[in-house]
$ cat my_file_5.txt   # compact mmCIF, C-alpha atoms
# COMPACT_ATOMS: atom_id res chain seq x y z
CA MET A 879 0.00 0.00 0.00
CA ARG A 880 1.41 3.36 -1.01
CA PRO A 881 2.53 5.43 0.56
CA THR A 882 4.02 2.77 2.79
CA LEU A 883 4.45 3.50 6.47
CA SER A 884 8.19 3.97 5.80
CA GLU A 885 7.40 6.53 3.11
CA GLN A 886 5.01 8.40 5.39
CA ILE A 887 7.55 8.49 8.21
CA GLU A 888 10.26 9.66 5.81
CA GLY A 889 7.90 12.35 4.53
CA ALA A 890 7.35 13.61 8.06
CA ARG A 891 11.14 13.66 8.61
CA VAL A 892 11.68 15.73 5.45
CA VAL A 893 9.07 18.27 6.62
CA LEU A 894 10.91 18.58 9.94
CA VAL A 895 14.36 18.95 8.37
CA GLU A 896 13.51 21.11 5.36
CA LEU A 897 10.57 23.21 6.54
CA VAL A 898 10.57 23.34 10.32
CA ALA A 899 14.28 23.27 11.26
CA PRO A 900 15.28 26.38 9.23
CA GLU A 901 12.50 28.36 10.96
CA VAL A 902 13.57 27.38 14.48
CA SER A 903 15.94 29.94 15.95
CA GLU A 904 16.22 28.83 19.56
CA PRO A 905 19.28 26.54 19.91
CA TYR A 906 17.62 24.15 22.39
CA ALA A 907 14.60 23.69 20.13
CA GLN A 908 16.89 23.20 17.11
CA GLU A 909 18.68 20.42 18.98
CA GLN A 910 15.40 18.66 19.76
CA VAL A 911 14.25 18.90 16.13
CA THR A 912 17.52 17.21 15.11
CA TYR A 913 16.92 14.34 17.56
CA ALA A 914 13.31 13.98 16.40
CA ALA A 915 14.38 13.82 12.74
CA ALA A 916 17.01 11.16 13.56
CA ALA A 917 14.36 9.10 15.38
CA LEU A 918 12.04 9.27 12.37
CA GLU A 919 14.87 8.18 10.08
CA ASN A 920 15.56 5.19 12.35
CA ALA A 921 11.86 4.31 12.58
CA ALA A 922 11.41 4.42 8.80
CA ALA A 923 14.35 2.07 8.31
CA ARG A 924 13.59 -0.33 11.16
CA TRP A 925 9.85 -0.91 11.35
CA PRO A 926 9.54 -3.46 8.49
CA HIS A 927 12.13 -5.66 10.24
CA ILE A 928 10.69 -5.53 13.73
CA LEU A 929 8.51 -8.65 13.65
CA PRO A 930 10.92 -10.97 11.76
CA ASP A 931 13.85 -9.82 13.93
CA LEU A 932 11.79 -10.32 17.09
CA VAL A 933 10.86 -13.86 16.08
CA ALA A 934 14.51 -14.60 15.21
CA ASP A 935 15.56 -13.32 18.61
CA ILE A 936 12.94 -15.47 20.33
CA ARG A 937 14.30 -18.58 18.57
CA ALA A 938 17.89 -17.65 19.47
CA LEU A 939 16.86 -17.11 23.11
CA GLU A 940 15.05 -20.43 23.27
CA GLU A 941 18.17 -22.13 21.98
CA VAL A 942 20.53 -20.45 24.41
CA LEU A 943 18.15 -21.20 27.30
CA GLY A 944 17.69 -24.81 26.17
CA ILE A 945 13.92 -24.43 25.67
CA GLU A 946 11.79 -26.12 22.99
CA PRO A 947 10.57 -23.56 20.41
CA ALA A 948 7.12 -22.35 21.42
CA GLU A 949 4.20 -21.93 19.08
CA LEU A 950 3.64 -18.20 18.81
CA HIS A 951 0.15 -16.70 18.89
CA GLU A 952 -0.88 -15.55 15.46
CA ALA A 953 -2.58 -12.28 14.60
CA VAL A 954 -3.74 -13.75 11.30
CA PRO A 955 -2.89 -17.23 10.03
CA GLY A 956 0.88 -17.50 9.53
CA VAL A 957 1.71 -14.10 11.05
CA PRO A 958 2.71 -13.89 14.71
CA ASP A 959 0.90 -11.41 16.92
CA LEU A 960 3.40 -8.66 17.73
CA ALA A 961 2.17 -7.83 21.26
CA ALA A 962 2.05 -11.51 22.28
CA ALA A 963 5.49 -12.14 20.78
CA GLU A 964 6.88 -9.13 22.64
CA GLU A 965 5.47 -10.38 25.92
CA TYR A 966 6.89 -13.89 25.42
CA HIS A 967 10.25 -12.38 24.38
CA ARG A 968 10.32 -10.21 27.47
CA GLY A 969 9.82 -13.29 29.66
CA LEU A 970 12.69 -15.08 27.95
CA ARG A 971 14.98 -12.05 28.34
CA ALA A 972 14.07 -11.85 32.03
CA ARG A 973 14.94 -15.54 32.44
CA LEU A 974 18.32 -15.05 30.74
CA THR A 975 18.99 -11.98 32.89
CA ASP A 976 18.31 -14.03 36.03
CA GLU A 977 20.68 -16.75 34.86
CA ILE A 978 23.44 -14.21 34.20
CA MET A 979 22.88 -12.59 37.59
CA GLY A 980 23.49 -16.00 39.16
CA GLY A 981 27.11 -14.91 39.15
CA SER A 982 28.98 -17.61 37.24
CA GLU A 983 30.77 -16.63 34.07
CA SER A 984 28.55 -16.76 30.98
CA SER A 985 29.18 -19.33 28.26
CA PRO A 986 30.44 -18.22 24.83
CA ALA A 987 26.97 -19.07 23.49
CA VAL A 988 25.33 -16.58 25.86
CA ARG A 989 27.84 -13.88 24.96
CA ALA A 990 27.31 -14.58 21.28
CA TYR A 991 23.54 -14.32 21.74
CA LEU A 992 23.94 -10.99 23.58
CA SER A 993 26.06 -9.53 20.82
CA ASP A 994 23.77 -10.75 18.03
CA SER A 995 20.64 -9.60 19.84
CA ILE A 996 21.90 -6.01 19.94
CA GLU A 997 21.97 -6.03 16.14
CA ARG A 998 18.54 -7.65 15.89
CA LEU A 999 16.80 -5.45 18.44
CA LYS A 1000 18.36 -2.04 17.74
CA MET B 794 13.97 33.07 29.77
CA VAL B 795 10.37 32.07 29.50
CA GLY B 796 7.92 34.42 31.22
CA GLU B 797 7.00 32.13 34.09
CA LEU B 798 10.62 31.41 34.98
CA ASP B 799 11.48 35.10 34.61
CA ALA B 800 8.89 36.04 37.23
CA ALA B 801 9.92 33.25 39.58
CA MET B 802 13.57 34.23 39.22
CA GLU B 803 12.85 37.85 40.07
CA GLY B 804 11.14 36.79 43.29
CA PHE B 805 13.93 34.35 44.08
CA VAL B 806 16.60 37.02 43.66
CA ARG B 807 14.61 39.66 45.53
CA ARG B 808 14.32 37.39 48.57
CA ARG B 809 18.12 37.08 48.61
CA LEU B 810 19.19 40.65 47.80
CA GLY B 811 16.66 42.20 50.14
CA ASP B 812 15.51 45.79 49.78
CA VAL B 813 17.24 46.90 46.59
CA SER B 814 15.94 49.05 43.79
CA GLY B 815 16.01 48.78 40.02
CA LEU B 816 16.19 45.00 40.06
CA ARG B 817 16.30 43.62 36.53
CA VAL B 818 16.67 40.00 35.43
CA GLU B 819 17.69 39.86 31.81
CA GLY B 820 17.48 36.32 30.56
CA GLU B 821 18.60 34.69 27.39
CA ALA B 822 17.32 31.57 25.69
CA ARG B 823 17.89 28.21 27.27
CA ALA B 824 21.42 27.12 26.36
CA ILE B 825 22.01 23.91 24.45
CA GLY B 826 24.17 21.04 25.65
CA GLY B 827 23.87 19.28 28.95
CA GLN B 828 21.28 16.51 28.80
CA SER B 829 20.92 16.43 32.55
CA ARG B 830 20.12 20.06 33.50
CA GLU B 831 18.46 23.08 32.00
CA ASN B 832 21.02 25.84 31.62
CA TRP B 833 19.80 29.43 31.54
CA PRO B 834 22.35 32.26 31.27
CA PHE B 835 21.11 35.59 32.64
CA ASP B 836 22.27 39.01 33.80
CA LEU B 837 21.27 40.64 37.04
CA HIS B 838 21.19 44.43 37.50
CA TRP B 839 20.29 46.29 40.69
CA GLN B 840 21.01 49.42 42.69
CA ASP B 841 21.93 49.45 46.32
CA GLY B 842 23.43 52.19 48.51
CA GLY B 843 23.57 54.54 45.55
CA GLN B 844 25.65 52.13 43.50
CA SER B 845 24.76 50.15 40.41
CA HIS B 846 25.53 46.45 40.37
CA HIS B 847 25.69 43.93 37.57
CA ARG B 848 26.37 40.20 37.76
CA GLN B 849 26.63 37.62 35.00
CA LEU B 850 24.98 34.47 36.28
CA PHE B 851 23.87 31.06 35.19
CA LEU B 852 20.85 29.09 36.37
CA ARG B 853 21.14 25.30 36.39
CA ARG B 854 17.74 23.75 36.97
CA ASP B 855 16.59 20.14 37.02
CA PRO B 856 14.50 19.38 33.95
CA VAL B 857 11.15 17.60 34.19
CA GLY B 858 12.86 14.45 32.91
CA SER B 859 16.64 14.19 33.21
CA VAL B 860 19.22 11.62 32.17
CA LEU B 861 20.86 11.88 35.54
CA GLU B 862 19.09 12.14 38.86
CA THR B 863 21.45 13.88 41.24
CA ASP B 864 20.98 16.17 44.22
CA ARG B 865 21.48 19.89 43.62
CA ARG B 866 22.08 20.37 47.35
CA VAL B 867 25.15 18.07 47.27
CA GLU B 868 26.59 19.73 44.16
CA PHE B 869 26.01 23.17 45.66
CA GLU B 870 27.56 22.27 49.03
CA VAL B 871 30.60 20.68 47.39
CA LEU B 872 31.17 23.71 45.17
CA ARG B 873 30.65 26.08 48.09
CA ARG B 874 33.36 24.25 50.04
CA LEU B 875 35.69 24.21 47.01
CA HIS B 876 35.52 27.97 46.52
CA ASP B 877 38.68 28.68 48.56
CA GLN B 878 40.46 25.51 47.46
CA PRO B 879 43.15 25.27 44.76
CA VAL B 880 40.87 23.93 42.06
CA ARG B 881 39.27 25.56 39.04
CA ALA B 882 35.65 25.09 40.08
CA PRO B 883 32.84 27.59 39.47
CA GLU B 884 31.52 29.85 42.20
CA VAL B 885 28.01 29.01 43.37
CA VAL B 886 25.75 31.82 44.49
CA TRP B 887 22.26 30.64 45.48
CA LEU B 888 20.36 27.38 45.83
CA ASP B 889 16.73 26.35 45.58
CA ALA B 890 17.22 22.81 46.86
CA ASP B 891 13.64 21.60 46.71
CA GLY B 892 12.40 23.64 43.78
CA SER B 893 9.82 25.46 45.88
CA GLU B 894 10.84 28.82 44.39
CA LEU B 895 11.93 28.06 40.82
CA GLY B 896 9.63 25.17 40.01
CA ARG B 897 12.29 22.50 40.21
CA PRO B 898 15.58 22.15 42.16
CA ALA B 899 18.08 24.68 40.87
CA MET B 900 21.21 26.60 41.66
CA VAL B 901 22.65 29.87 40.50
CA MET B 902 26.31 30.12 39.65
CA THR B 903 28.68 32.80 38.43
CA ARG B 904 28.82 32.85 34.64
CA TYR B 905 32.33 32.97 33.25
CA ASP B 906 33.57 34.38 29.98
CA GLY B 907 35.22 31.87 27.76
CA HIS B 908 34.24 29.34 25.20
CA ASN B 909 33.17 25.74 25.41
CA ASP B 910 34.42 23.30 22.78
CA HIS B 911 33.70 19.55 23.04
CA PHE B 912 36.12 18.58 20.30
CA ILE B 913 38.86 21.16 20.80
CA LEU B 914 41.49 18.40 20.75
CA GLN B 915 40.44 17.59 17.17
CA GLY B 916 40.60 21.26 16.21
CA GLY B 917 37.09 22.15 17.31
CA VAL B 918 35.81 25.62 16.57
CA GLY B 919 38.96 27.68 17.20
CA ARG B 920 41.24 25.39 15.12
CA PRO B 921 44.32 25.53 17.42
CA ASP B 922 47.40 23.94 15.83
CA GLU B 923 48.53 20.49 16.91
CA ASP B 924 51.13 21.67 19.43
CA ALA B 925 48.53 23.92 21.04
CA ARG B 926 46.10 20.99 21.19
CA VAL B 927 48.68 18.79 22.89
CA GLY B 928 49.17 21.65 25.36
CA ILE B 929 45.41 21.73 26.04
CA ALA B 930 45.35 17.93 26.51
CA SER B 931 48.19 18.25 28.99
CA GLN B 932 46.29 20.97 30.88
CA MET B 933 43.29 18.65 31.09
CA VAL B 934 45.51 16.16 32.95
CA ASP B 935 46.67 18.93 35.29
CA LEU B 936 43.04 19.80 35.94
CA MET B 937 42.30 16.20 36.91
CA ILE B 938 45.40 16.09 39.14
CA GLU B 939 44.26 19.33 40.83
CA ILE B 940 40.99 17.62 41.78
CA HIS B 941 42.65 14.44 43.01
CA ALA B 942 45.06 16.47 45.14
CA LEU B 943 42.29 18.21 47.07
CA ASP B 944 42.37 17.86 50.84
CA TRP B 945 38.77 16.67 51.02
CA ARG B 946 38.75 16.20 54.78
CA GLY B 947 40.22 19.66 55.29
CA ALA B 948 37.58 21.13 52.97
CA GLY B 949 34.82 19.30 54.82
CA LEU B 950 33.67 17.39 51.76
CA ASN B 951 33.12 14.25 53.84
CA GLU B 952 30.28 16.18 55.51
CA VAL B 953 28.31 16.13 52.24
CA MET B 954 29.59 13.05 50.40
CA ALA B 955 29.92 9.44 51.55
CA VAL B 956 33.42 8.07 52.12
CA PRO B 957 33.47 4.62 50.48
CA ASP B 958 35.37 1.73 52.07
CA ASP B 959 35.52 0.04 48.69
CA PRO B 960 35.16 2.60 45.87
CA ALA B 961 34.85 0.04 43.05
CA THR B 962 32.05 -1.87 44.76
CA ALA B 963 30.34 1.39 45.71
CA ALA B 964 30.46 2.53 42.07
CA ILE B 965 29.05 -0.77 40.76
CA ASP B 966 26.30 -0.73 43.38
CA GLU B 967 25.39 2.87 42.62
CA TRP B 968 25.06 2.42 38.85
CA ALA B 969 23.50 -1.05 39.08
CA ALA B 970 20.81 0.55 41.24
CA VAL B 971 20.21 3.16 38.52
CA VAL B 972 19.92 0.39 35.90
CA GLU B 973 17.47 -1.49 38.14
CA ARG B 974 15.42 1.63 38.85
CA GLN B 975 15.27 2.96 35.30
CA SER B 976 14.93 -0.24 33.25
CA LEU B 977 11.67 -0.62 31.37
CA GLU B 978 12.56 -4.15 30.30
CA PRO B 979 15.03 -6.95 31.16
CA GLN B 980 18.64 -5.98 30.47
CA PRO B 981 20.73 -9.14 29.97
CA VAL B 982 23.65 -7.26 28.39
CA LEU B 983 23.95 -4.91 31.35
CA ALA B 984 23.53 -7.87 33.74
CA GLU B 985 26.48 -9.52 31.98
CA ILE B 986 28.55 -6.36 32.36
CA GLU B 987 27.60 -5.92 36.02
CA GLN B 988 28.79 -9.46 36.73
CA TRP B 989 32.05 -8.83 34.85
CA LEU B 990 32.60 -5.67 36.88
CA ARG B 991 32.01 -7.54 40.15
CA ARG B 992 34.48 -10.28 39.14
CA ASN B 993 37.15 -7.78 38.03
CA ARG B 994 36.93 -4.99 40.57
CA PRO B 995 40.21 -3.50 41.81
CA GLU B 996 41.16 -3.61 45.47
CA PRO B 997 40.37 -0.50 47.50
CA GLY B 998 43.17 2.05 47.68
CA GLU B 999 43.52 5.79 48.07
CA VAL B 1000 40.30 7.81 48.23
CA THR B 1001 40.22 11.22 46.54
CA VAL B 1002 37.67 13.60 45.11
CA VAL B 1003 36.49 12.20 41.75
CA HIS B 1004 34.82 14.64 39.37
CA GLY B 1005 33.12 11.92 37.36
CA ASP B 1006 32.71 13.81 34.07
CA ILE B 1007 35.97 15.48 33.09
CA LYS B 1008 35.91 16.41 29.40
CA PRO B 1009 36.59 19.44 27.21
CA GLY B 1010 32.82 19.84 26.82
CA ASN B 1011 32.61 20.65 30.53
CA VAL B 1012 35.44 23.20 30.43
CA LEU B 1013 35.44 26.89 29.62
CA PHE B 1014 38.53 27.86 27.66
CA ASP B 1015 40.19 31.25 27.44
CA GLY B 1016 41.97 30.86 24.10
CA ASP B 1017 44.12 27.78 24.61
CA ARG B 1018 43.95 27.99 28.39
CA VAL B 1019 41.74 25.76 30.55
CA GLN B 1020 39.88 28.27 32.68
CA VAL B 1021 37.19 26.53 34.75
CA LEU B 1022 35.65 23.06 34.98
CA LEU B 1023 31.85 23.09 35.06
CA ASP B 1024 29.24 20.43 35.73
CA TRP B 1025 30.13 18.85 39.07
CA GLU B 1026 26.90 16.89 39.46
CA THR B 1027 28.60 13.47 39.53
CA VAL B 1028 31.32 14.54 41.97
CA HIS B 1029 31.98 12.00 44.71
CA LEU B 1030 34.72 10.49 46.84
CA GLY B 1031 36.28 7.45 45.25
CA ASP B 1032 39.22 5.92 43.43
CA PRO B 1033 41.17 8.50 41.41
CA ALA B 1034 41.63 5.88 38.67
CA GLU B 1035 37.90 6.29 37.99
CA ASP B 1036 38.51 9.71 36.39
CA VAL B 1037 41.50 8.29 34.47
CA GLY B 1038 39.26 5.51 33.15
CA TRP B 1039 36.59 8.05 32.20
CA VAL B 1040 38.98 10.17 30.11
CA THR B 1041 40.53 7.12 28.41
CA ASN B 1042 37.19 5.48 27.60
CA PRO B 1043 37.66 4.19 24.03
CA ILE B 1044 34.33 5.52 22.75
CA ARG B 1045 35.27 9.05 23.80
CA ARG B 1046 38.72 9.12 22.23
CA ARG B 1047 37.76 12.04 19.96
CA GLU B 1048 37.16 14.18 23.02
CA HIS B 1049 40.34 13.27 24.90
CA GLN B 1050 42.97 12.08 22.43
CA ILE B 1051 44.99 13.35 19.47
CA PRO B 1052 45.93 10.48 17.14
CA GLY B 1053 49.68 9.92 17.10
CA ARG B 1054 50.36 12.73 19.58
CA TRP B 1055 48.26 12.19 22.69
CA GLU B 1056 46.86 8.73 23.12
CA VAL B 1057 45.90 6.63 26.14
CA GLU B 1058 49.45 5.76 27.16
CA ASP B 1059 50.58 9.39 26.84
CA LEU B 1060 47.72 10.52 29.03
CA VAL B 1061 48.16 7.83 31.69
CA SER B 1062 51.97 8.19 31.72
CA ALA B 1063 51.65 11.95 32.18
CA TYR B 1064 49.21 11.40 35.04
CA GLU B 1065 51.49 8.83 36.69
CA ALA B 1066 54.66 10.93 36.25
CA ARG B 1067 53.05 14.08 37.65
CA THR B 1068 51.31 12.41 40.62
CA GLY B 1069 53.67 9.58 41.52
CA ARG B 1070 50.65 7.28 41.49
CA THR B 1071 50.54 4.07 39.50
CA VAL B 1072 47.38 3.21 37.62
CA PRO B 1073 47.39 -0.59 37.23
CA ARG B 1074 46.25 -1.39 33.71
CA ALA B 1075 43.74 -3.97 34.94
CA ALA B 1076 42.20 -1.29 37.17
CA LEU B 1077 42.20 1.15 34.24
CA ARG B 1078 40.29 -1.39 32.15
CA PHE B 1079 37.79 -1.89 34.97
CA TRP B 1080 37.15 1.87 35.20
CA GLN B 1081 36.84 2.18 31.41
CA VAL B 1082 34.16 -0.52 31.45
CA LEU B 1083 32.48 1.17 34.43
CA ALA B 1084 32.51 4.44 32.44
CA ASN B 1085 30.40 2.89 29.68
CA TYR B 1086 28.19 1.01 32.13
CA LYS B 1087 27.51 4.40 33.75
CA LEU B 1088 26.78 5.95 30.33
CA ALA B 1089 24.37 3.09 29.60
CA ALA B 1090 22.61 3.73 32.92
CA ILE B 1091 22.39 7.44 32.06
CA ALA B 1092 21.02 6.66 28.59
CA MET B 1093 18.42 4.33 30.13
CA THR B 1094 17.34 7.15 32.40
CA GLY B 1095 16.85 9.25 29.27
CA VAL B 1096 14.88 6.46 27.59
CA ARG B 1097 12.61 6.20 30.62
CA SER B 1098 12.06 9.96 30.71
CA PHE B 1099 11.17 9.84 27.03
CA CYS B 1100 8.79 6.89 27.37
CA ASP B 1101 7.16 8.55 30.39
CA GLY B 1102 6.68 11.75 28.38
CA ARG B 1103 8.90 13.80 30.70
CA THR B 1104 11.46 15.00 28.16
CA GLN B 1105 11.32 16.66 24.77
CA ARG B 1106 14.39 14.79 23.54
CA VAL B 1107 13.48 11.76 21.46
CA TRP B 1108 15.71 8.89 22.63
CA SER B 1109 16.61 5.74 20.78
CA GLY B 1110 18.00 2.69 22.61
CA THR B 1111 21.36 1.93 24.21
CA GLY B 1112 22.50 -0.69 21.69
CA LEU B 1113 25.81 0.90 20.70
CA LEU B 1114 26.97 1.03 24.31
CA GLY B 1115 26.04 -2.63 24.75
CA LYS B 1116 28.18 -3.58 21.74
CA VAL B 1117 31.12 -1.59 23.07
CA LEU B 1118 30.75 -3.05 26.57
CA LEU B 1119 30.68 -6.63 25.27
CA ALA B 1120 33.83 -5.94 23.20
CA GLN B 1121 35.56 -4.30 26.19
CA THR B 1122 34.90 -7.32 28.41
CA GLU B 1123 35.97 -10.02 25.93
CA GLU B 1124 38.70 -12.26 27.31
CA GLU B 1125 42.12 -11.01 26.21
$ encode --input "my_file_5.txt" --output "structure tokens"
Amino acid sequence: MRPTLSEQIEGARVVLVELVAPEVSEPYAQEQVTYAAAALENAAARWPHILPDLVADIRALEEVLGIEPAELHEAVPGVPDLAAAEEYHRGLRARLTDEIMGGSESSPAVRAYLSDSIERLK
Amino acid sequence: MVGELDAAMEGFVRRRLGDVSGLRVEGEARAIGGQSRENWPFDLHWQDGGQSHHRQLFLRRDPVGSVLETDRRVEFEVLRRLHDQPVRAPEVVWLDADGSELGRPAMVMTRYDGHNDHFILQGGVGRPDEDARVGIASQMVDLMIEIHALDWRGAGLNEVMAVPDDPATAAIDEWAAVVERQSLEPQPVLAEIEQWLRRNRPEPGEVTVVHGDIKPGNVLFDGDRVQVLLDWETVHLGDPAEDVGWVTNPIRRREHQIPGRWEVEDLVSAYEARTGRTVPRAALRFWQVLANYKLAAIAMTGVRSFCDGRTQRVWSGTGLLGKVLLAQTEEE
């Protein structure tokens, strides 16, 4: 569907940068417009990847925690429900955090998961 | 200043100056920089005893949502006690500790002439030549040494700041508590780093004043001369190697280093030669990791403020810091 959500977000960013920013004279406000434009740029680039990256992270977490892959709730047939997936993911991350806080040194697999997850969840 | 703050400031000043005439508060726009406090430069004019007075001042006020929750009363009391000490700290003038007069906790300080330049060591705005930049970098070390040499008991700083038995553990506990308090979701990367810090903490040693945020961006320069160090909100008593770790933090090398001329070993060697202290490299690594753990905690505070709708700055996540922290704590 056009304009896509990415295109709409990018359009809003262009309005901020090209129309609003030049009219803002107060330095503090200028700084905030810059941060807002950067956030829109990030959102436009990231949102299409959010669900697939979240599911990939869930599978990686299950593996590192030694859990059987769960069946994810589906919003429509074949498409996981984002809110339910986020809640399940949060539970897995909490479980991993508790394991790490147990105090013993983490395995290379845990450290590898942590590093990869930063890329997936940025 | 905005109208409401202008009016509050006039009342605030009037209660402190007493019965003077011709009082005028001339404010400027909120200054940029400083994610943790609102900074408002202003001029004060008044007449008293037939004489005209003028002071250049600076209001530092807690924002609605900050990245760093610190106590203005502590910062004010430390700076008040440092005023007659051999350290280039700003003069504080008035305090509204609980925000009952200015809306939120705030303090008023003397405003100094001079320029602020985050990246002066890379050339910054004034474009000093390389030798001048090495001279500035060297002055930054002297500034740190000045702070670490303070007689904190003599200045009464232990009356307003805790004296840690074990500075490394105290620092981990303090920032882990911030992570715990500010987290909106589980933080396995920061849990991993906290555990690394606990396994690798240096033994307690000498306790000195630690500024906690020494950087060119917190300095006012007069040409190539370091004039005054601002922003003492993270000041505490601790291990002097903490400041050395902060200024040698790899992700802030553009602020503190000059490639090929002033790198980590130059900085640490200069510090060691001028103080007679040794900074064990394992301890330096610990404090460099702690520096980024602290930055991650500060960023998370910003994220929470943003998600709670208490700040106008739009925050993204803390992913980059997590990557850096994992790389810093890889086995060597």
$ residues_around --input "my_file_5.txt" --residues "range 1097-1108 of chain B" --least-positions-apart "6" --cutoff "6 Å" --atoms "all atoms listed in the file" --output "ChimeraX atom specification"
/A:910,913-914 /B:857-858
$ residues_around --input "my_file_5.txt" --residues "Trp839 in chain B" --least-positions-apart "4" --cutoff "12 Å" --atoms "all atoms listed in the file" --output "PyMOL selection string"
chain B and resi 803+806-807+810-819+843-848
$ write_last_selection --input "my_file_5.txt" --atoms "C-alpha atoms" --output "short mmCIF file (atom, residue, chain, number, x, y, z; two decimals), keeping the file's coordinate frame"
data_model
loop_
_atom_site.label_atom_id
_atom_site.label_comp_id
_atom_site.auth_asym_id
_atom_site.auth_seq_id
_atom_site.Cartn_x
_atom_site.Cartn_y
_atom_site.Cartn_z
CA GLU B 803 12.85 37.85 40.07
CA VAL B 806 16.60 37.02 43.66
CA ARG B 807 14.61 39.66 45.53
CA LEU B 810 19.19 40.65 47.80
CA GLY B 811 16.66 42.20 50.14
CA ASP B 812 15.51 45.79 49.78
CA VAL B 813 17.24 46.90 46.59
CA SER B 814 15.94 49.05 43.79
CA GLY B 815 16.01 48.78 40.02
CA LEU B 816 16.19 45.00 40.06
CA ARG B 817 16.30 43.62 36.53
CA VAL B 818 16.67 40.00 35.43
CA GLU B 819 17.69 39.86 31.81
CA GLY B 843 23.57 54.54 45.55
CA GLN B 844 25.65 52.13 43.50
CA SER B 845 24.76 50.15 40.41
CA HIS B 846 25.53 46.45 40.37
CA HIS B 847 25.69 43.93 37.57
CA ARG B 848 26.37 40.20 37.76
#
$ interface_residues --input "my_file_5.txt" --of "chain B" --to "chain A" --cutoff "9 Å" --atoms "all atoms listed in the file" --output "ChimeraX atom specification"
/B:822-826,978-985,987-989,991-992,1105-1113,1115-1116,1119-1120
$ residues_near_point --input "my_file_5.txt" --point "(-0.1, -13.6, 18.3)" --cutoff "8 Å" --atoms "all atoms listed in the file" --output "list in words"
Leu950, His951, Glu952, Ala953, Val954, Val957, Pro958, Asp959, Leu960, Ala961, Ala962 and Ala963 of chain A
$ atom_distance --input "my_file_5.txt" --atom1 "CA of Val1003 in chain B" --atom2 "CA of Gly1069 in chain B"
17.4 Å
$ closest_residue --input "my_file_5.txt" --among "B:Val880, B:Met900, B:Ala969, B:Ile1091" --to "Arg865 in chain B" --atoms "all atoms listed in the file"
B:Met900
$ residues_around --input "my_file_5.txt" --residues "Gly820 in chain B" --least-positions-apart "5" --cutoff "12 Å" --atoms "all atoms listed in the file" --output "JSON, numbers by chain"
{"B": [794, 795, 796, 797, 798, 799, 800, 802, 803, 832, 833, 834, 835, 836, 837, 838, 849, 850, 851, 852]}
$ closest_residue --input "my_file_5.txt" --among "B:Asp877, B:Asp935, B:Asp966, B:Glu999" --to "Glu1035 in chain B" --atoms "only C-alpha atoms"
B:Glu999
$ atom_distance --input "my_file_5.txt" --atom1 "CA of Leu932 in chain A" --atom2 "CA of Glu946 in chain A"
16.9 Å
$ axis_aligned_box --input "my_file_5.txt" --around "range 905-910 of chain B" --padding-each-side "4 Å" --output "JSON"
{"center_x": 33.8, "center_y": 28.8, "center_z": 28.0, "size_x": 10.9, "size_y": 19.1, "size_z": 18.5}
$ atom_distance --input "my_file_5.txt" --atom1 "CA of Pro1033 in chain B" --atom2 "CA of Thr1001 in chain B"
5.9 Å
